[in-house]
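Asks: Coordinates in run13.txt, compact mmCIF, C-alpha atoms (C1' of nucleotides), are listed below.
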# COMPACT_ATOMS: atom_id res chain seq x y z
CA MET P 199 121.56 104.22 101.01
CA THR P 200 124.02 101.55 99.91
CA LYS P 201 122.70 99.51 97.05
CA LYS P 202 121.34 96.07 97.85
CA VAL P 203 123.30 93.20 96.34
CA PHE P 204 121.86 89.69 96.12
CA GLN P 205 124.10 86.89 97.32
CA ARG P 206 121.96 84.03 96.15
CA ASN P 207 119.45 83.57 93.39
CA THR P 208 116.21 82.01 94.47
CA LYS P 209 113.30 80.63 92.54
CA GLN P 210 110.96 82.78 94.61
CA ARG P 211 112.63 86.05 93.74
CA GLU P 212 112.79 85.06 90.09
CA VAL P 213 109.05 84.41 90.00
CA ILE P 214 108.24 87.56 91.94
CA LEU P 215 110.23 89.70 89.56
CA SER P 216 108.71 88.13 86.47
CA VAL P 217 105.20 88.51 87.87
CA LEU P 218 105.98 92.14 88.61
CA ARG P 219 107.40 92.76 85.15
CA GLU P 220 104.58 91.08 83.33
CA ALA P 221 101.85 92.76 85.33
CA ASP P 222 99.97 95.29 83.28
CA CYS P 223 98.85 97.07 86.43
CA HIS P 224 100.95 98.45 89.27
CA PRO P 225 100.24 95.68 91.72
CA THR P 226 100.08 95.57 95.48
CA ALA P 227 102.13 93.11 97.52
CA ASP P 228 99.06 91.00 98.08
CA TRP P 229 98.18 90.86 94.39
CA ILE P 230 101.70 89.65 93.65
CA TYR P 231 101.36 87.11 96.46
CA GLN P 232 98.20 85.66 94.91
CA GLU P 233 99.84 85.55 91.49
CA VAL P 234 103.03 83.86 92.69
CA ARG P 235 101.00 81.30 94.63
CA LYS P 236 99.55 80.07 91.37
CA THR P 237 102.90 78.54 90.48
CA MET P 238 104.38 78.31 94.01
CA PRO P 239 101.55 77.40 96.34
CA ASN P 240 103.52 77.58 99.56
CA VAL P 241 105.35 80.81 99.02
CA SER P 242 104.92 83.02 102.06
CA LEU P 243 103.76 86.60 102.18
CA GLY P 244 106.86 87.47 104.17
CA THR P 245 109.00 86.38 101.24
CA ILE P 246 107.00 88.60 98.94
CA TYR P 247 107.56 91.61 101.16
CA ARG P 248 111.21 90.79 101.78
CA ASN P 249 111.90 90.48 98.07
CA LEU P 250 109.88 93.48 97.00
CA LYS P 251 111.89 95.53 99.45
CA ALA P 252 115.15 94.01 98.30
CA LEU P 253 114.29 94.46 94.63
CA THR P 254 113.44 98.09 95.31
CA GLU P 255 116.73 98.61 97.12
CA ALA P 256 118.56 96.89 94.28
CA GLY P 257 117.03 99.34 91.83
CA LEU P 258 115.01 96.70 89.99
CA ALA P 259 111.60 97.93 91.10
CA LEU P 260 109.87 101.04 92.40
CA GLU P 261 107.63 101.35 95.42
CA LEU P 262 104.73 103.74 94.85
CA SER P 263 102.94 105.13 97.87
CA TYR P 264 99.68 106.97 97.60
CA GLY P 265 97.91 107.86 100.80
CA SER P 266 98.06 105.77 103.91
CA THR P 267 96.95 102.43 102.56
CA TYR P 268 99.08 99.85 100.80
CA SER P 269 102.00 100.38 98.48
CA ARG P 270 102.00 99.56 94.82
CA PHE P 271 105.03 98.26 92.99
CA ASP P 272 106.39 98.93 89.54
CA GLY P 273 108.68 96.54 87.72
CA ASN P 274 110.03 99.30 85.51
CA PRO P 275 112.77 101.08 87.46
CA GLU P 276 113.42 103.66 84.77
CA THR P 277 112.22 107.13 85.65
CA HIS P 278 108.77 107.61 84.20
CA TYR P 279 105.58 109.37 85.17
CA HIS P 280 102.20 108.21 86.43
CA PHE P 281 98.59 109.18 86.41
CA VAL P 282 96.55 108.10 89.43
CA CYS P 283 92.77 107.90 89.27
CA GLU P 284 91.28 109.12 92.52
CA ASP P 285 88.08 107.21 91.90
CA CYS P 286 89.19 103.67 91.06
CA GLY P 287 92.79 103.92 92.28
CA LYS P 288 94.24 102.80 88.95
CA VAL P 289 97.80 103.83 88.17
CA VAL P 290 98.78 104.40 84.55
CA ASP P 291 102.17 104.99 82.96
CA LEU P 292 102.43 108.21 81.00
CA GLU P 293 104.32 108.81 77.80
CA ILE P 294 105.85 112.14 78.65
CA ASP P 295 109.46 113.09 78.14
CA VAL P 296 111.41 112.71 81.34
CA ALA P 297 113.00 115.93 82.52
CA LYS P 298 116.26 114.64 83.96
CA GLU P 299 117.80 118.10 83.64
CA LEU P 300 115.54 119.32 86.42
CA GLU P 301 117.51 117.20 88.87
CA GLU P 302 120.64 119.20 88.26
CA LYS P 303 118.73 122.42 88.71
CA VAL P 304 117.44 121.27 92.09
CA ALA P 305 120.85 119.93 93.10
CA LYS P 306 122.44 123.32 92.44
CA GLY P 307 119.59 125.16 94.11
CA ILE P 308 119.88 123.46 97.49
CA GLY P 309 123.36 121.95 97.39
CA ALA P 310 122.11 118.40 97.47
CA LYS P 311 122.90 115.32 95.45
CA VAL P 312 119.80 114.41 93.44
CA HIS P 313 119.54 111.05 91.77
CA ASP P 314 115.90 110.61 90.94
CA HIS P 315 112.57 112.34 90.71
CA ARG P 316 108.95 111.39 90.40
CA LEU P 317 106.09 113.14 88.75
CA GLU P 318 102.55 111.99 89.39
CA PHE P 319 99.28 113.39 88.11
CA TYR P 320 96.00 113.03 89.98
CA GLY P 321 92.48 113.11 88.64
CA VAL P 322 89.70 110.97 87.26
CA CYS P 323 90.37 108.51 84.45
CA SER P 324 88.29 108.32 81.28
CA GLU P 325 86.47 105.15 82.41
CA CYS P 326 85.39 106.70 85.70
CA LEU P 327 84.36 109.91 83.92
CA GLN P 328 82.07 107.83 81.72
CA LYS P 329 80.55 105.99 84.67
CA GLU P 330 79.91 109.28 86.43
CA SER P 331 78.15 110.78 83.45
CA LYS P 332 75.88 107.74 83.19
CA VAL P 333 74.90 107.91 86.86
CA ASN P 334 74.01 111.59 86.81
CA MET G 261 85.81 112.46 95.58
CA THR G 262 83.26 114.93 96.91
CA LYS G 263 84.86 117.71 98.86
CA LYS G 264 84.70 117.52 102.62
CA VAL G 265 82.70 120.26 104.30
CA PHE G 266 83.00 121.03 108.00
CA GLN G 267 79.78 121.40 109.92
CA ARG G 268 81.26 122.66 113.13
CA ASN G 269 84.36 124.56 114.06
CA THR G 270 86.22 122.95 116.87
CA LYS G 271 89.10 124.13 118.98
CA GLN G 272 90.93 120.89 118.22
CA ARG G 273 90.82 121.32 114.46
CA GLU G 274 91.80 124.96 114.77
CA VAL G 275 94.89 124.06 116.79
CA ILE G 276 95.80 121.17 114.48
CA LEU G 277 95.63 123.40 111.44
CA SER G 278 97.67 126.16 113.01
CA VAL G 279 100.30 123.69 114.20
CA LEU G 280 100.46 122.28 110.70
CA ARG G 281 100.76 125.70 109.10
CA GLU G 282 103.40 126.93 111.47
CA ALA G 283 105.51 123.80 111.26
CA ASP G 284 108.72 124.41 109.37
CA CYS G 285 108.98 120.70 108.66
CA HIS G 286 106.50 118.38 107.01
CA PRO G 287 105.31 116.68 110.13
CA THR G 288 103.95 113.23 110.84
CA ALA G 289 100.63 112.67 112.56
CA ASP G 290 102.45 111.81 115.76
CA TRP G 291 104.59 114.94 115.70
CA ILE G 292 101.45 117.03 115.35
CA TYR G 293 99.88 115.05 118.18
CA GLN G 294 102.78 115.87 120.51
CA GLU G 295 102.63 119.52 119.49
CA VAL G 296 98.88 119.86 119.98
CA ARG G 297 99.11 118.17 123.38
CA LYS G 298 101.26 121.04 124.62
CA THR G 299 98.21 123.27 124.59
CA MET G 300 95.49 120.59 124.74
CA PRO G 301 96.78 117.82 126.98
CA ASN G 302 93.87 115.45 126.50
CA VAL G 303 93.46 115.62 122.78
CA SER G 304 93.36 112.11 121.36
CA LEU G 305 95.44 110.71 118.56
CA GLY G 306 92.27 109.65 116.80
CA THR G 307 91.19 113.26 116.58
CA ILE G 308 94.51 114.14 115.00
CA TYR G 309 94.14 111.48 112.35
CA ARG G 310 90.48 112.23 111.74
CA ASN G 311 91.16 115.92 111.27
CA LEU G 312 94.25 115.49 109.15
CA LYS G 313 92.21 113.30 106.85
CA ALA G 314 89.33 115.77 106.84
CA LEU G 315 91.64 118.73 106.24
CA THR G 316 93.22 116.88 103.35
CA GLU G 317 89.82 116.09 101.87
CA ALA G 318 88.78 119.69 102.34
CA GLY G 319 91.80 120.82 100.34
CA LEU G 320 93.48 122.58 103.26
CA ALA G 321 96.38 120.18 103.61
CA LEU G 322 98.34 117.61 101.63
CA GLU G 323 99.21 114.08 102.61
CA LEU G 324 102.67 113.04 101.50
CA SER G 325 103.49 109.34 101.40
CA TYR G 326 106.99 108.01 101.02
CA GLY G 327 107.48 104.29 101.33
CA SER G 328 105.45 102.11 103.62
CA THR G 329 105.90 103.91 106.88
CA TYR G 330 103.95 106.90 108.09
CA SER G 331 102.54 109.80 106.12
CA ARG G 332 103.74 113.33 106.37
CA PHE G 333 101.45 116.32 106.11
CA ASP G 334 101.82 119.68 104.49
CA GLY G 335 99.80 122.72 105.53
CA ASN G 336 100.35 124.39 102.19
CA PRO G 337 97.75 122.99 99.80
CA GLU G 338 99.04 124.94 96.80
CA THR G 339 100.85 122.81 94.25
CA HIS G 340 104.55 122.94 94.96
CA TYR G 341 107.49 120.58 94.73
CA HIS G 342 109.57 118.69 97.27
CA PHE G 343 113.01 117.32 97.81
CA VAL G 344 113.28 114.22 100.01
CA CYS G 345 116.56 113.26 101.65
CA GLU G 346 116.97 109.49 101.56
CA ASP G 347 119.39 109.60 104.47
CA CYS G 348 117.65 111.68 107.11
CA GLY G 349 114.13 111.59 105.65
CA LYS G 350 113.80 115.36 105.65
CA VAL G 351 111.32 116.91 103.21
CA VAL G 352 112.07 120.37 101.83
CA ASP G 353 109.93 122.71 99.74
CA LEU G 354 111.49 123.71 96.44
CA GLU G 355 111.27 127.06 94.73
CA ILE G 356 110.66 125.84 91.21
CA ASP G 357 108.03 127.17 88.87
CA VAL G 358 104.97 124.97 88.91
CA ALA G 359 104.13 123.51 85.50
CA LYS G 360 100.34 123.55 85.65
CA GLU G 361 100.19 123.37 81.86
CA LEU G 362 101.46 119.80 82.02
CA GLU G 363 98.14 118.78 83.53
CA GLU G 364 96.27 119.76 80.41
CA LYS G 365 98.76 117.87 78.28
CA VAL G 366 98.20 114.71 80.31
CA ALA G 367 94.44 115.22 80.34
CA LYS G 368 94.36 115.39 76.55
CA GLY G 369 96.76 112.49 76.20
CA ILE G 370 94.68 109.96 78.13
CA GLY G 371 91.21 111.53 78.14
CA ALA G 372 91.18 112.04 81.88
CA LYS G 373 90.32 114.97 84.09
CA VAL G 374 93.51 116.07 85.83
CA HIS G 375 93.34 118.42 88.77
CA ASP G 376 96.70 118.17 90.44
CA HIS G 377 100.20 116.88 90.10
CA ARG G 378 103.17 116.28 92.33
CA LEU G 379 106.84 116.43 91.60
CA GLU G 380 109.30 115.06 94.12
CA PHE G 381 113.07 114.84 93.95
CA TYR G 382 115.09 112.22 95.82
CA GLY G 383 118.66 112.34 96.94
CA VAL G 384 120.97 113.31 99.77
CA CYS G 385 120.69 116.74 101.36
CA SER G 386 123.66 119.05 101.91
CA GLU G 387 123.81 118.31 105.66
CA CYS G 388 123.97 114.56 105.12
CA LEU G 389 126.55 115.00 102.37
CA GLN G 390 128.74 116.86 104.86
CA LYS G 391 128.34 114.20 107.53
CA GLU G 392 129.25 111.51 105.02
CA SER G 393 132.41 113.28 103.91
CA LYS G 394 133.51 113.64 107.54
CA VAL G 395 132.99 109.95 108.26
CA ASN G 396 134.94 108.73 105.22
C1' DA I 166 68.29 128.48 127.41
C1' DA I 167 67.13 124.03 125.15
C1' DG I 168 67.66 120.55 121.86
C1' DC I 169 69.95 118.21 118.27
C1' DA I 170 73.47 116.54 115.65
C1' DA I 171 78.45 116.84 114.79
C1' DT I 172 82.64 116.09 117.06
C1' DT I 173 85.52 114.40 120.68
C1' DA I 174 88.14 111.20 124.09
C1' DA I 175 89.07 106.72 125.11
C1' DT I 176 89.76 102.42 123.70
C1' DA I 177 89.39 98.50 120.93
C1' DA I 178 89.90 96.65 116.42
C1' DC I 179 91.97 96.41 111.97
C1' DT I 180 95.32 95.77 108.34
C1' DA I 181 99.50 96.32 105.87
C1' DT I 182 104.02 95.33 106.83
C1' DT I 183 107.94 93.56 109.38
C1' DT I 184 110.46 90.36 112.15
C1' DA I 185 112.10 86.15 114.99
C1' DC I 186 113.33 81.71 114.62
C1' DA I 187 113.87 77.13 113.01
C1' DT I 188 114.53 74.95 108.66
C1' DT I 189 115.78 74.61 103.98
C1' DT I 190 118.40 76.01 100.06
C1' DT I 191 122.08 78.05 97.51
C1' DA I 192 126.89 78.61 95.81
C1' DG I 193 131.43 77.87 96.23
C1' DA I 194 135.29 74.89 98.04
C1' DT I 195 136.94 70.37 98.60
C1' DA A 35 129.45 64.69 93.89
C1' DT A 36 129.74 66.09 98.64
C1' DC A 37 130.36 69.29 102.30
C1' DT A 38 129.89 73.67 104.56
C1' DA A 39 128.60 78.27 105.86
C1' DA A 40 125.80 81.80 104.90
C1' DA A 41 121.63 83.37 102.85
C1' DA A 42 116.88 82.98 102.03
C1' DT A 43 112.45 80.77 103.09
C1' DG A 44 108.14 79.38 105.75
C1' DT A 45 105.59 79.78 109.73
C1' DA A 46 103.73 82.46 112.92
C1' DA A 47 103.67 86.14 115.86
C1' DA A 48 104.58 91.00 116.62
C1' DT A 49 104.54 95.89 115.24
C1' DA A 50 102.72 100.18 113.98
C1' DG A 51 100.01 103.33 111.63
C1' DT A 52 95.38 104.09 111.02
C1' DT A 53 90.36 103.53 111.54
C1' DA A 54 85.99 102.23 113.91
C1' DT A 55 83.07 102.20 118.00
C1' DT A 56 80.69 104.17 121.82
C1' DA A 57 79.45 107.20 125.26
C1' DA A 58 80.16 111.93 126.55
C1' DT A 59 80.77 116.64 125.06
C1' DT A 60 80.21 120.82 122.48
C1' DG A 61 78.84 124.05 118.58
C1' DC A 62 75.16 125.87 116.45
C1' DT A 63 70.19 126.84 115.45
C1' DT A 64 65.84 128.12 117.19
Starting from the file, lay out its structure as structure tokens.
Replies:
Amino acid sequence: MTKKVFQRNTKQREVILSVLREADCHPTADWIYQEVRKTMPNVSLGTIYRNLKALTEAGLALELSYGSTYSRFDGNPETHYHFVCEDCGKVVDLEIDVAKELEEKVAKGIGAKVHDHRLEFYGVCSECLQKESKVN
Amino acid sequence: MTKKVFQRNTKQREVILSVLREADCHPTADWIYQEVRKTMPNVSLGTIYRNLKALTEAGLALELSYGSTYSRFDGNPETHYHFVCEDCGKVVDLEIDVAKELEEKVAKGIGAKVHDHRLEFYGVCSECLQKESKVN
DNA sequence: AAGCAATTAATAACTATTTACATTTTAGAT
DNA sequence: ATCTAAAATGTAAATAGTTATTAATTGCTT
């Protein structure tokens, strides 16, 4: 609702954000935890979760939820679209033009204030398609 | 991956599906549980979850995940779009044309097989906007 | 009607996430 | 530099949604 503002800068948050930004996947909280531990061995998982939540609320990261398992996080807060492979679970960024104008259309349609949208495609990625064809 | 097939028809699943279809909201598992209990007092929550999962896998329902809390379910498996209110959490169906052709574009772009997509808008609904303006 | 396997109710277990609390750290004032 | 108050961390335990287990039940086929 109201945007999160950080009152202090911490080494932990700095590392978490850089790990998130440099990740070429869309990592889970636990993956980030393992990564951060490499340089900060006694960081706690609670700190990871606290900061991922705070970073999301601050608009510096996105939380992606697919199904009822864990969340994935995205260090690119700009609106962009994803493809999700239903076989291996991989999440890929797509290079499609973002249709910001749709938000205004929806806003007018239902009298709401719209400030973001997400578009996600589901299917089977090229790697998994290959594997399948080899098996059969 | 492979589509779920039901081997038996059960009263429980029948009631769950009809509750889901007649719901004017996008209910949580627990909401459905409470509803089903009105006519089947000793249905178990496990049965609700098991059937919601099975119905989703069978293509008769959708699982909607927002953030790291509970899932919501949708008894309309046809591709359609949603608006999510970030204040009250309400999920509303939108009457926007579905852009199925985008799926082919993505499929070509990354060499994947794409069989569905989801488009969700985030913001503040008209009711919450009104409440806010009264408070301030 | 009988038999078998799928499904259920009940309950325990699991796992991702959150939180309480004592301690440490940060940033600004002195 | 030092001090101070608030913020953030680490540790550990709690929470909550979901899934697994097991014995009992119930659809469905013959």
Asks: Tell me which protein, DNA and RNA residues are within 12 Å of DA47 (chain A), counting all atoms listed in the file, leaving out same-chain ones fewer than 6 positions away, and put them as a ChimeraX atom specification.
Replies: /I:183-186
Asks: Write out the residues from the selection above, keeping C-alpha atoms (C1' of nucleotides), as a tab-separated table (two decimals), in the frame of the given file.
Replies:
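Below is the file part_17.tsv, written as the result:
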chain	number	residue	atom	x	y	z
I	183	DT	C1'	107.94	93.56	109.38
I	184	DT	C1'	110.46	90.36	112.15
I	185	DA	C1'	112.10	86.15	114.99
I	186	DC	C1'	113.33	81.71	114.62
Asks: With distances taken over all atoms listed in the file, which residue among I:DT173, I:DT180, I:DT195, I:DT190 lies nearest chain G?
Replies: I:DT173
Asks: Quick one: chain G onto chain P, least squares on all Cα paired in order, result as a compact mmCIF listing (two decimals) with C-alpha atoms, in the frame of the given file?
Replies:
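Here's the written file selection.txt:
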# COMPACT_ATOMS: atom_id res chain seq x y z
CA MET G 261 121.54 104.11 101.10
CA THR G 262 124.01 101.43 100.02
CA LYS G 263 122.72 99.39 97.15
CA LYS G 264 121.35 95.97 97.91
CA VAL G 265 123.28 93.07 96.43
CA PHE G 266 121.82 89.59 96.13
CA GLN G 267 123.99 86.74 97.32
CA ARG G 268 121.85 83.93 96.04
CA ASN G 269 119.39 83.52 93.24
CA THR G 270 116.18 81.98 94.38
CA LYS G 271 113.23 80.63 92.48
CA GLN G 272 110.93 82.77 94.61
CA ARG G 273 112.62 86.04 93.74
CA GLU G 274 112.78 85.07 90.08
CA VAL G 275 109.04 84.43 89.99
CA ILE G 276 108.24 87.61 91.94
CA LEU G 277 110.26 89.72 89.55
CA SER G 278 108.74 88.16 86.46
CA VAL G 279 105.23 88.57 87.86
CA LEU G 280 106.01 92.19 88.59
CA ARG G 281 107.43 92.81 85.13
CA GLU G 282 104.61 91.13 83.32
CA ALA G 283 101.88 92.83 85.32
CA ASP G 284 100.02 95.38 83.25
CA CYS G 285 98.92 97.12 86.43
CA HIS G 286 100.99 98.49 89.27
CA PRO G 287 100.29 95.74 91.72
CA THR G 288 100.12 95.61 95.49
CA ALA G 289 102.16 93.17 97.53
CA ASP G 290 99.07 91.05 98.06
CA TRP G 291 98.21 90.92 94.37
CA ILE G 292 101.72 89.69 93.64
CA TYR G 293 101.37 87.17 96.45
CA GLN G 294 98.20 85.72 94.90
CA GLU G 295 99.86 85.61 91.49
CA VAL G 296 103.03 83.91 92.71
CA ARG G 297 100.99 81.34 94.64
CA LYS G 298 99.53 80.10 91.36
CA THR G 299 102.88 78.57 90.51
CA MET G 300 104.35 78.32 94.03
CA PRO G 301 101.50 77.44 96.37
CA ASN G 302 103.48 77.62 99.59
CA VAL G 303 105.33 80.84 99.07
CA SER G 304 104.88 83.06 102.11
CA LEU G 305 103.73 86.63 102.18
CA GLY G 306 106.83 87.54 104.13
CA THR G 307 108.97 86.43 101.23
CA ILE G 308 106.98 88.65 98.92
CA TYR G 309 107.50 91.68 101.11
CA ARG G 310 111.15 90.90 101.76
CA ASN G 311 111.89 90.53 98.07
CA LEU G 312 109.89 93.53 96.96
CA LYS G 313 111.88 95.59 99.43
CA ALA G 314 115.15 94.04 98.30
CA LEU G 315 114.29 94.49 94.62
CA THR G 316 113.47 98.12 95.28
CA GLU G 317 116.75 98.63 97.12
CA ALA G 318 118.59 96.90 94.31
CA GLY G 319 117.09 99.34 91.82
CA LEU G 320 115.05 96.72 89.98
CA ALA G 321 111.65 97.96 91.09
CA LEU G 322 109.92 101.07 92.39
CA GLU G 323 107.69 101.41 95.40
CA LEU G 324 104.80 103.78 94.85
CA SER G 325 102.97 105.13 97.88
CA TYR G 326 99.67 106.92 97.68
CA GLY G 327 97.97 107.81 100.92
CA SER G 328 98.17 105.69 104.02
CA THR G 329 97.07 102.37 102.66
CA TYR G 330 99.22 99.84 100.87
CA SER G 331 102.11 100.41 98.50
CA ARG G 332 102.07 99.59 94.85
CA PHE G 333 105.08 98.30 92.98
CA ASP G 334 106.43 98.98 89.55
CA GLY G 335 108.73 96.58 87.72
CA ASN G 336 110.06 99.33 85.51
CA PRO G 337 112.81 101.09 87.46
CA GLU G 338 113.46 103.69 84.76
CA THR G 339 112.22 107.15 85.64
CA HIS G 340 108.77 107.61 84.18
CA TYR G 341 105.58 109.38 85.16
CA HIS G 342 102.20 108.22 86.43
CA PHE G 343 98.58 109.17 86.41
CA VAL G 344 96.53 108.10 89.44
CA CYS G 345 92.75 107.88 89.27
CA GLU G 346 91.26 109.12 92.53
CA ASP G 347 88.07 107.19 91.90
CA CYS G 348 89.20 103.68 91.05
CA GLY G 349 92.79 103.94 92.30
CA LYS G 350 94.25 102.81 88.99
CA VAL G 351 97.83 103.84 88.20
CA VAL G 352 98.79 104.39 84.57
CA ASP G 353 102.18 104.99 82.97
CA LEU G 354 102.42 108.20 80.99
CA GLU G 355 104.31 108.78 77.79
CA ILE G 356 105.83 112.13 78.64
CA ASP G 357 109.43 113.08 78.12
CA VAL G 358 111.39 112.70 81.32
CA ALA G 359 112.99 115.95 82.50
CA LYS G 360 116.23 114.62 83.95
CA GLU G 361 117.77 118.08 83.64
CA LEU G 362 115.50 119.30 86.42
CA GLU G 363 117.48 117.18 88.85
CA GLU G 364 120.62 119.17 88.25
CA LYS G 365 118.70 122.40 88.70
CA VAL G 366 117.41 121.24 92.08
CA ALA G 367 120.82 119.91 93.09
CA LYS G 368 122.42 123.29 92.43
CA GLY G 369 119.57 125.14 94.09
CA ILE G 370 119.84 123.43 97.47
CA GLY G 371 123.33 121.92 97.39
CA ALA G 372 122.07 118.36 97.46
CA LYS G 373 122.87 115.28 95.44
CA VAL G 374 119.76 114.39 93.44
CA HIS G 375 119.50 111.01 91.78
CA ASP G 376 115.86 110.60 90.94
CA HIS G 377 112.55 112.35 90.71
CA ARG G 378 108.92 111.40 90.41
CA LEU G 379 106.07 113.16 88.75
CA GLU G 380 102.53 112.00 89.39
CA PHE G 381 99.26 113.38 88.10
CA TYR G 382 95.97 113.02 89.97
CA GLY G 383 92.47 113.07 88.63
CA VAL G 384 89.67 110.94 87.25
CA CYS G 385 90.36 108.47 84.46
CA SER G 386 88.29 108.26 81.27
CA GLU G 387 86.47 105.09 82.42
CA CYS G 388 85.38 106.66 85.69
CA LEU G 389 84.34 109.84 83.90
CA GLN G 390 82.05 107.75 81.71
CA LYS G 391 80.54 105.92 84.66
CA GLU G 392 79.89 109.22 86.41
CA SER G 393 78.13 110.72 83.41
CA LYS G 394 75.87 107.66 83.16
CA VAL G 395 74.90 107.85 86.83
CA ASN G 396 74.01 111.56 86.75
Asks: So what do you get for C1' of DC169 (chain I) versus C1' of DT60 (chain A), distance-wise?
Replies: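 We find that C1' of DC169 (chain I) and C1' of DT60 (chain A) lie 11.4 Å from each other.
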Asks: Go ahead and compute the interatomic distance for CA of Asp376 (chain G) and CA of Phe319 (chain P), in Å to one decimal.
Replies: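 Calculated distance between CA of Asp376 (chain G) and CA of Phe319 (chain P) is 5.9 Å.
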Asks: From the list A:DT38, A:DT52, A:DT43, A:DT63, which residue is nearest Leu305 (chain G) when using only C-alpha atoms (C1' of nucleotides)?
Replies: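 Counting only C-alpha atoms (C1' of nucleotides), the residue closest to Leu305 (chain G) is A:DT52.
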Asks: Write out as a PyMOL selection string every residue belonging to chain P that has an atom at most 9 Å from any atom of chain A, counting all atoms listed in the file.
Replies: chain P and resi 205-206+208+210+240-242+244-245+266-267
Asks: Counting only C-alpha atoms (C1' of nucleotides), which residue out of I:DA187, I:DT182, I:DT172, I:DG193 sits closest to chain P?
Replies: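 Smallest distance to chain P is found for I:DT182.
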Asks: In Å to one decimal, how far is CA of Ser331 (chain G) from CA of Lys298 (chain G)?
Replies: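 Between CA of Lys298 (chain G) and CA of Ser331 (chain G) the gap works out to 21.7 Å.
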Asks: Tell me which of G:Gly327, G:Pro337, G:Gly349, G:Pro301 sits closest to chain P, counting all atoms listed in the file.
Replies: G:Gly327
Asks: Neighbouring residues of Asp291 (chain P) were defined as those with any atom within 10 Å, considering all atoms listed in the file; residues of the same chain fewer than 4 positions away were excluded. Please report them as a CSV table (one decimal) with C-alpha atoms, in the frame of the given file.
Replies:
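Writing done, so here's selection.csv:
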chain,number,residue,atom,x,y,z
P,222,ASP,CA,100.0,95.3,83.3
P,223,CYS,CA,98.8,97.1,86.4
P,224,HIS,CA,101.0,98.4,89.3
P,272,ASP,CA,106.4,98.9,89.5
P,278,HIS,CA,108.8,107.6,84.2
P,279,TYR,CA,105.6,109.4,85.2
P,280,HIS,CA,102.2,108.2,86.4
P,281,PHE,CA,98.6,109.2,86.4
P,282,VAL,CA,96.6,108.1,89.4
P,318,GLU,CA,102.6,112.0,89.4
Asks: Compile the residues of chain I that lie within 8 Å of chain P, evaluated using all atoms listed in the file, and express the compilation as a PyMOL selection string.
Replies: chain I and resi 181-182+191-192
Asks: Save the residues we just selected, C-alpha atoms (C1' of nucleotides), as a PDB file, keeping the file's coordinate frame?
Replies:
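part_19.pdb, freshly written:
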ATOM      1  C1'  DA I 181      99.500  96.320 105.870  1.00  0.00           C
ATOM      2  C1'  DT I 182     104.020  95.330 106.830  1.00  0.00           C
ATOM      3  C1'  DT I 191     122.080  78.050  97.510  1.00  0.00           C
ATOM      4  C1'  DA I 192     126.890  78.610  95.810  1.00  0.00           C
TER       5       DA I 192
END
Asks: May I have the residues of chain P within 8 Å of chain G, counting all atoms listed in the file, written as a ChimeraX atom specification?
Replies: /P:199,261-266,268-269,284-285,292,301,304,308-324,327
Asks: Taking 4 positions as the minimum chain separation for residues in the same chain, which residues sit within 10 Å of Ala283 (chain G) when counting all atoms listed in the file? Answer as a ChimeraX atom specification.
Replies: /G:277-279,287,291-292,295,333-335
